[in-house]
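*Asks:* Let me give you the structure first, and then I'll get to my questions.
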Amino acid sequence: MSTPIIQFKDVVKAFGTQTVLDRVSLAIPTGKTTVIAGGSGQGKSVTLKLILGLLNPDAGAIFVEGRDITRMGRKELNQVRTDFGVLFQGAALLDSLTVFDNVALPLNERTKLGRKEIRDRVLSTLSQLGLEGSEEKFPAQLSGGMKKRVGLARALQLQPKIMLFDEPTTGLDPEKSMEIYQLFHHTQQQYGYTSVIVSHDIPKIFNLADQVVILNHGRVAVFASPDDIPRSADPEIREFVKKTMGDVYLSREMESVP
Amino acid sequence: MCFSRGRCRCLFPWVSISTSVLSAGKFRDLAGFSIGGFMLFHFVERLGELAACHVRDLGRMGRYLLLTFLGAFKHPFRFSEVVRQVRIIGANSFVVIFFTAAFTGMVLGLQGYYTLRKFGAEGVLGSAVALSLIRELGPVLTALMVTGRAGSAMCAEIGIMRNSEQIDALECMSVDPFRYLITPKLLATLIAVPLLTLIFNVVGVYGGYVAGVHLLGSNPGAYFVSMQHSVVNKDINLGIIKSFVFALLIVWICTGRGYFVHQIRNAGFGAEGVSRVTTQAVVLSSISILVWDYLLTAMLL
């Protein structure tokens with residue numbers, strides 16, 4: 001395994017009296033897919049916001065490509081953030097802009113590309129993600145699945161090295177979530193990004209995972225492969241797996257992993 | 001981003017130290033030797049907490065204003081967005097301003113005429129109407145109408161963008177949300193409100209003319225001549241300065257409340273948070289407009 005692209009070292013984050021992350025250390029390998037799972041309120045989204053520098057940890061360090069983002073100024077942080085692509089839970093498209101303008105936004109704001117080139121790039125990404133013909137629509141006119149796809153198209157515009165997905169399939173029916181997962185798979189092969197997926201769509205999400213991180217009461221358990229989870233020695237993890245996936249998963253008569 | 005990263009606490013380290021000392025267990029034990037002592041201590045603790053909360057809020061808002069100003073000097077400058085905002089804030093407010101001004105002027109004409117007639121001074125009706133409009137009512141009423149019409153809309157818009165993570169999304173794309181979102185609104189309001197104020201003044205003066213001269217029969221020539229004699233440049237300047245200050249207050253308070261919807265004490269979450277914060281923004285900005293009206297008048301008159 002190559003050097004990790006993101007690394008947490010003894011990260012502590014508390015809100016009021018509740019400690020969400022308690023001396024968490026983990027490494028996210030380059031070019032692979034890491035799934036962060038865990039029950040509600042166990043700090044999954046907080047982990048994502050820490051990686052993005054939207055929150056600061058109370059203690060510890062977070063390294064992105066070997067640089068500690070917790071001790072960075074605004075300018076440096078913005079520099080690091082250009083390597084990130086984020087798909088937010090509700091896609092976070094700007095309501096006042098059309099689909100085209102939303103996807104073109106990072107190119108308009110962050111690059112010096114000409115109008116025609118931007119147009120070509122945006123239209124090719126949109127058609128790649130099956131969104132032809134909706135470029136003049138507004139986000140409010142789109143279905144949940146389409147919003148996610150537009151969000152993905154926007155995040156891919158600056159060729160990110162790391163893609164972060166915050167609960168990508170919440171609120172989608174099983175068929176649509178499968179479609180989204182397939183899109184992740186294809187785009188990752190094409191763009192070669194490292195992907196970090198926060199999700200509670202277990203066990204389906206494990207089909208995508210190279211590495212699984214389970215958050216539970218502020219502690220983490222890292223598994224090199226989803227197959228290792230049922231073999232965990234930690235009783236709390238076993239309990240969590242049993243609760244979320246059922247006994248079937250624990251007894252290893254689970255769905256096949258491609 | 002600095003606000004959401006919890007750095008603004010560093011602006012007021014003594015505040016957090018004092019609150020943490022106040023709530024530290026051993027001090028509570030010391031004071032808890034009697035019930036009265038404990039209640040007093042509890043009161044002081046709450047008071048300190050409240051004060052710290054407001055000071056923090058003020059610091060946040062100060063920093064917010066600074067970053068909004070700095071946004072005007074960052075590239076790329078969003079000229080077309082400024083123009084669009086001038087249309088939304090300024091041009092679309094024209095009808096409201098027109099009616100408010102017309103009827104305010106007419107009421108001034110009526111009231112002024114009846115009052116002045118008691119002293120046989122109907123001749124100075126024009127100057128009375130014009131001076132009250134240019135110095136006071138024009139800037140204040142325009143600002144209040146813009147707060148109600150455009151300020152509330154700005155606050156809700158930014159608040160919803162914050163709640164649906166659109167502002168986070170901008171930051172993650174390394175797009176400065178101040179330059180992108182707030183600065184165009186600031187510049188547009190600074191352009192639109194003084195212009196609306198001038199329109200208000202003109203419409204108001206003619207409203208007074210309709211009521212005083214056409215309906216009540218005051219002398220048409222005297223109406224304008226008395227105005228020419230009494231209104232000087234200083235009056236007009238005062239009105240313009242006021243309208244600039246009010247414009248700044250409107251943008252600062254209205255967009256700022258929306259921007260910090262997730263950090264404002266007792267605001268609640270989601271749609272309720274946005275609604276409360278919008279109410280708060282309109283109330284706060286209306287009050288500050290009136291307070292600053294007095295202060296500016298006292299300073300510049």
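Naming scheme: A, B, ... for chains in displayed order of the structure tokens; residues 1 onward per chain; ligands 1 onward as shown.
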What residues in range 41-113 of chain B get the DSSP label alpha helix (DSSP H)? Please answer as a VMD selection string.
*Replies:* chain B and resid 41 to 71 79 to 85 94 to 113
*Asks:* Using only C-alpha atoms, please write the residues we just selected to a file, as a compact mmCIF listing (two decimals), in the first residue's frame.
*Replies:*
```
# COMPACT_ATOMS: atom_id res chain seq x y z
CA PHE B 41 -23.71 32.70 41.71
CA HIS B 42 -26.06 31.07 39.23
CA PHE B 43 -27.37 34.49 38.23
CA VAL B 44 -23.88 35.88 37.72
CA GLU B 45 -22.96 32.81 35.71
CA ARG B 46 -25.94 33.22 33.43
CA LEU B 47 -25.25 36.92 33.07
CA GLY B 48 -21.65 36.27 32.13
CA GLU B 49 -22.70 33.62 29.65
CA LEU B 50 -25.19 35.97 28.03
CA ALA B 51 -22.66 38.78 27.83
CA ALA B 52 -20.02 36.48 26.38
CA CYS B 53 -22.52 35.26 23.82
CA HIS B 54 -23.34 38.78 22.68
CA VAL B 55 -19.73 39.90 22.60
CA ARG B 56 -18.88 36.86 20.51
CA ASP B 57 -21.75 37.65 18.19
CA LEU B 58 -20.57 41.23 17.84
CA GLY B 59 -17.03 40.12 17.11
CA ARG B 60 -18.30 37.69 14.51
CA MET B 61 -20.34 40.39 12.85
CA GLY B 62 -17.41 42.83 12.86
CA ARG B 63 -15.19 40.31 11.17
CA TYR B 64 -17.98 39.52 8.77
CA LEU B 65 -18.23 43.15 7.67
CA LEU B 66 -14.48 43.38 7.20
CA LEU B 67 -14.36 40.25 5.04
CA THR B 68 -17.29 41.56 2.99
CA PHE B 69 -15.37 44.76 2.26
CA LEU B 70 -12.24 42.81 1.41
CA GLY B 71 -14.32 40.73 -0.98
CA PHE B 79 -19.86 42.87 -12.02
CA SER B 80 -22.91 41.25 -13.62
CA GLU B 81 -24.06 39.98 -10.22
CA VAL B 82 -23.81 43.51 -8.81
CA VAL B 83 -25.99 44.76 -11.66
CA ARG B 84 -28.47 41.94 -11.08
CA GLN B 85 -28.64 42.80 -7.38
CA PHE B 94 -39.35 51.43 -7.10
CA VAL B 95 -43.12 50.92 -6.86
CA VAL B 96 -43.06 50.56 -3.08
CA ILE B 97 -40.86 53.63 -2.73
CA PHE B 98 -43.07 55.60 -5.14
CA PHE B 99 -46.27 54.96 -3.20
CA THR B 100 -44.67 55.46 0.21
CA ALA B 101 -43.15 58.74 -0.97
CA ALA B 102 -46.30 60.02 -2.67
CA PHE B 103 -48.51 59.48 0.34
CA THR B 104 -45.92 60.65 2.86
CA GLY B 105 -45.55 63.87 0.85
CA MET B 106 -49.32 64.31 0.63
CA VAL B 107 -49.78 63.82 4.36
CA LEU B 108 -46.98 66.31 5.02
CA GLY B 109 -48.77 68.74 2.69
CA LEU B 110 -52.06 68.32 4.53
CA GLN B 111 -50.69 68.47 8.05
CA GLY B 112 -48.27 71.26 7.21
CA TYR B 113 -50.96 73.35 5.57
```
*Asks:* Quick one: contact table of chain A to chain B, 10 Å max, nearest atom pair and distance in Å to one decimal per residue, counting only C-alpha atoms, chain and number order, as JSON lines?
*Replies:*
```
{"residue": "A:Lys49", "atom": "CA", "partner": "B:Asp168", "partner_atom": "CA", "distance": 9.5}
{"residue": "A:Leu50", "atom": "CA", "partner": "B:Arg5", "partner_atom": "CA", "distance": 9.2}
{"residue": "A:Leu52", "atom": "CA", "partner": "B:Cys172", "partner_atom": "CA", "distance": 7.0}
{"residue": "A:Gly53", "atom": "CA", "partner": "B:Met1", "partner_atom": "CA", "distance": 7.3}
{"residue": "A:Leu54", "atom": "CA", "partner": "B:Arg5", "partner_atom": "CA", "distance": 5.7}
{"residue": "A:Leu55", "atom": "CA", "partner": "B:Arg5", "partner_atom": "CA", "distance": 4.4}
{"residue": "A:Asn56", "atom": "CA", "partner": "B:Arg5", "partner_atom": "CA", "distance": 5.1}
{"residue": "A:Pro57", "atom": "CA", "partner": "B:Arg5", "partner_atom": "CA", "distance": 8.7}
{"residue": "A:Asp58", "atom": "CA", "partner": "B:Gly6", "partner_atom": "CA", "distance": 9.9}
{"residue": "A:Thr70", "atom": "CA", "partner": "B:Arg5", "partner_atom": "CA", "distance": 9.7}
{"residue": "A:Gly73", "atom": "CA", "partner": "B:Cys2", "partner_atom": "CA", "distance": 9.4}
{"residue": "A:Arg74", "atom": "CA", "partner": "B:Met1", "partner_atom": "CA", "distance": 7.2}
{"residue": "A:Lys75", "atom": "CA", "partner": "B:Ser174", "partner_atom": "CA", "distance": 9.4}
{"residue": "A:Leu77", "atom": "CA", "partner": "B:Ser174", "partner_atom": "CA", "distance": 8.6}
{"residue": "A:Asn78", "atom": "CA", "partner": "B:Ser174", "partner_atom": "CA", "distance": 5.2}
{"residue": "A:Gln79", "atom": "CA", "partner": "B:Ser174", "partner_atom": "CA", "distance": 7.7}
{"residue": "A:Val80", "atom": "CA", "partner": "B:Ser174", "partner_atom": "CA", "distance": 9.0}
{"residue": "A:Arg81", "atom": "CA", "partner": "B:Cys172", "partner_atom": "CA", "distance": 6.1}
{"residue": "A:Thr82", "atom": "CA", "partner": "B:Ser174", "partner_atom": "CA", "distance": 6.4}
{"residue": "A:Asp83", "atom": "CA", "partner": "B:Met173", "partner_atom": "CA", "distance": 9.2}
{"residue": "A:Phe84", "atom": "CA", "partner": "B:Cys172", "partner_atom": "CA", "distance": 7.3}
{"residue": "A:Gly85", "atom": "CA", "partner": "B:Met173", "partner_atom": "CA", "distance": 7.4}
{"residue": "A:Val86", "atom": "CA", "partner": "B:Cys172", "partner_atom": "CA", "distance": 7.1}
{"residue": "A:Leu87", "atom": "CA", "partner": "B:Ala169", "partner_atom": "CA", "distance": 8.5}
{"residue": "A:Phe88", "atom": "CA", "partner": "B:Glu165", "partner_atom": "CA", "distance": 7.5}
{"residue": "A:Gln89", "atom": "CA", "partner": "B:Glu165", "partner_atom": "CA", "distance": 8.6}
{"residue": "A:Gly90", "atom": "CA", "partner": "B:Ser164", "partner_atom": "CA", "distance": 6.9}
{"residue": "A:Ala91", "atom": "CA", "partner": "B:Glu165", "partner_atom": "CA", "distance": 8.3}
{"residue": "A:Ala92", "atom": "CA", "partner": "B:Gln166", "partner_atom": "CA", "distance": 4.7}
{"residue": "A:Leu93", "atom": "CA", "partner": "B:Gln166", "partner_atom": "CA", "distance": 6.3}
{"residue": "A:Leu94", "atom": "CA", "partner": "B:Gln166", "partner_atom": "CA", "distance": 6.1}
{"residue": "A:Asp95", "atom": "CA", "partner": "B:Met161", "partner_atom": "CA", "distance": 8.2}
{"residue": "A:Ser96", "atom": "CA", "partner": "B:Glu157", "partner_atom": "CA", "distance": 9.7}
{"residue": "A:Leu105", "atom": "CA", "partner": "B:Met173", "partner_atom": "CA", "distance": 9.0}
{"residue": "A:Pro106", "atom": "CA", "partner": "B:Met173", "partner_atom": "CA", "distance": 6.5}
{"residue": "A:Leu107", "atom": "CA", "partner": "B:Met173", "partner_atom": "CA", "distance": 9.9}
{"residue": "A:Asn108", "atom": "CA", "partner": "B:Pro76", "partner_atom": "CA", "distance": 9.2}
{"residue": "A:Glu109", "atom": "CA", "partner": "B:Val175", "partner_atom": "CA", "distance": 6.9}
{"residue": "A:Arg110", "atom": "CA", "partner": "B:Val175", "partner_atom": "CA", "distance": 7.5}
{"residue": "A:Gly151", "atom": "CA", "partner": "B:Ala169", "partner_atom": "CA", "distance": 9.9}
{"residue": "A:Arg154", "atom": "CA", "partner": "B:Met173", "partner_atom": "CA", "distance": 9.5}
{"residue": "A:Ala155", "atom": "CA", "partner": "B:Met173", "partner_atom": "CA", "distance": 8.1}
{"residue": "A:Leu158", "atom": "CA", "partner": "B:Met173", "partner_atom": "CA", "distance": 8.9}
```
*Asks:* May I have the residues within 12 Å of Ile28 in chain A as JSON, numbers by chain, using only C-alpha atoms and disregarding those fewer than 3 positions away in the same chain?
*Replies:* {"A": [1, 2, 3, 4, 5, 6, 7, 8, 9, 25, 31, 32, 33, 34, 35, 36, 51, 62, 63, 64, 65, 66, 162, 163, 164, 194, 195, 196, 197, 209, 210, 211, 212, 213, 222, 223, 224]}
*Asks:* For the residues in the current selection, export N, CA and C atoms as a compact mmCIF listing (two decimals), in the first residue's frame.
*Replies:*
```
# COMPACT_ATOMS: atom_id res chain seq x y z
N MET A 1 0.85 -1.20 0.00
CA MET A 1 0.00 0.00 0.00
C MET A 1 0.89 1.25 0.00
N SER A 2 0.54 2.19 -0.86
CA SER A 2 1.32 3.43 -0.92
C SER A 2 1.03 4.30 0.30
N THR A 3 1.69 5.48 0.35
CA THR A 3 1.49 6.35 1.51
C THR A 3 0.05 6.86 1.55
N PRO A 4 -0.50 7.00 2.76
CA PRO A 4 -1.88 7.47 2.86
C PRO A 4 -2.01 8.92 2.41
N ILE A 5 -3.13 9.24 1.75
CA ILE A 5 -3.33 10.62 1.29
C ILE A 5 -3.91 11.48 2.41
N ILE A 6 -4.70 10.85 3.28
CA ILE A 6 -5.24 11.57 4.44
C ILE A 6 -4.90 10.76 5.69
N GLN A 7 -4.45 11.47 6.72
CA GLN A 7 -4.10 10.77 7.94
C GLN A 7 -4.58 11.54 9.16
N PHE A 8 -5.29 10.87 10.06
CA PHE A 8 -5.71 11.46 11.34
C PHE A 8 -4.74 10.97 12.41
N LYS A 9 -4.26 11.91 13.24
CA LYS A 9 -3.40 11.48 14.35
C LYS A 9 -4.00 11.96 15.66
N SER A 25 -7.23 7.83 15.29
CA SER A 25 -6.14 7.79 14.31
C SER A 25 -6.58 6.88 13.18
N GLY A 31 -5.89 6.46 -3.82
CA GLY A 31 -6.45 5.77 -4.97
C GLY A 31 -7.47 4.70 -4.63
N LYS A 32 -7.75 4.50 -3.34
CA LYS A 32 -8.70 3.47 -2.94
C LYS A 32 -10.02 4.09 -2.48
N THR A 33 -10.97 3.24 -2.18
CA THR A 33 -12.25 3.72 -1.67
C THR A 33 -12.36 3.35 -0.19
N THR A 34 -12.55 4.36 0.63
CA THR A 34 -12.73 4.12 2.05
C THR A 34 -14.17 4.46 2.41
N VAL A 35 -14.83 3.54 3.08
CA VAL A 35 -16.20 3.80 3.53
C VAL A 35 -16.17 4.05 5.02
N ILE A 36 -16.75 5.17 5.43
CA ILE A 36 -16.87 5.46 6.85
C ILE A 36 -18.31 5.18 7.26
N ILE A 51 -11.89 16.73 7.62
CA ILE A 51 -11.00 16.53 6.47
C ILE A 51 -11.01 17.78 5.59
N ILE A 62 -4.36 16.53 11.45
CA ILE A 62 -4.91 15.88 10.26
C ILE A 62 -3.99 16.22 9.09
N PHE A 63 -3.42 15.21 8.48
CA PHE A 63 -2.51 15.43 7.37
C PHE A 63 -3.21 15.11 6.06
N VAL A 64 -3.15 16.05 5.12
CA VAL A 64 -3.61 15.79 3.78
C VAL A 64 -2.40 15.92 2.87
N GLU A 65 -2.09 14.88 2.19
CA GLU A 65 -0.89 14.81 1.36
C GLU A 65 0.35 15.24 2.14
N GLY A 66 0.41 14.81 3.38
CA GLY A 66 1.59 15.06 4.20
C GLY A 66 1.64 16.41 4.88
N ILE A 162 -9.11 13.83 -4.43
CA ILE A 162 -9.87 13.17 -3.38
C ILE A 162 -11.35 13.54 -3.54
N MET A 163 -12.21 12.54 -3.58
CA MET A 163 -13.65 12.85 -3.62
C MET A 163 -14.26 12.43 -2.29
N LEU A 164 -15.05 13.34 -1.71
CA LEU A 164 -15.72 13.03 -0.46
C LEU A 164 -17.22 12.96 -0.72
N THR A 194 -9.08 9.30 -5.11
CA THR A 194 -9.28 8.57 -3.86
C THR A 194 -10.68 8.90 -3.38
N SER A 195 -11.46 7.90 -2.99
CA SER A 195 -12.79 8.30 -2.57
C SER A 195 -13.06 7.93 -1.13
N VAL A 196 -13.73 8.86 -0.44
CA VAL A 196 -14.12 8.66 0.95
C VAL A 196 -15.64 8.77 0.99
N ILE A 197 -16.30 7.70 1.36
CA ILE A 197 -17.76 7.71 1.36
C ILE A 197 -18.26 7.55 2.79
N ALA A 209 -16.29 -0.80 -1.25
CA ALA A 209 -15.22 -0.41 -0.33
C ALA A 209 -13.96 -1.24 -0.50
N ASP A 210 -12.81 -0.54 -0.41
CA ASP A 210 -11.55 -1.24 -0.26
C ASP A 210 -11.21 -1.33 1.22
N GLN A 211 -11.56 -0.25 1.92
CA GLN A 211 -11.27 -0.18 3.35
C GLN A 211 -12.52 0.31 4.07
N VAL A 212 -12.78 -0.20 5.24
CA VAL A 212 -13.97 0.22 5.98
C VAL A 212 -13.55 0.77 7.33
N VAL A 213 -14.11 1.92 7.68
CA VAL A 213 -13.87 2.51 8.99
C VAL A 213 -15.21 2.55 9.71
N VAL A 222 -10.78 0.08 12.15
CA VAL A 222 -10.43 0.13 10.73
C VAL A 222 -10.26 -1.29 10.22
N PHE A 223 -10.88 -1.56 9.08
CA PHE A 223 -10.77 -2.90 8.50
C PHE A 223 -10.19 -2.78 7.10
N ALA A 224 -9.21 -3.61 6.83
CA ALA A 224 -8.54 -3.55 5.53
C ALA A 224 -9.48 -3.96 4.42
```
*Asks:* Figure out the distance between CA of Ile240 in chain B and CA of Leu284 in chain B, please, to one decimal in Å.
*Replies:*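 So the answer is 21.8 Å.
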*Asks:* Among range 29-170 of chain A, which residues does DSSP mark as strand (DSSP E or B) when it is run on the backbone? Keep the chain and numbering as in the structure and answer as a ChimeraX atom specification.
*Replies:* /A:29,33-38,59-64,67-68,84-87,162-166
*Asks:* Which is closest to Val261 in chain B among B:Leu216, B:Ala153, B:Ile158, B:Ala72, if we use only C-alpha atoms?
*Replies:*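 Distance minimum relative to Val261 in chain B lands on B:Ile158.
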*Asks:* Could you work out how far CA of Arg119 in chain A lies from CA of Gln159 in chain A, giving the answer in Å with one decimal?
*Replies:* 16.1 Å
*Asks:* Neighbours of Phe246 in chain B within 12 Å (only C-alpha atoms; same-chain residues fewer than 5 positions away dropped), as a ChimeraX atom specification?
*Replies:* /B:138-147,151,186,189-194,197,239-241,251-254,285-296
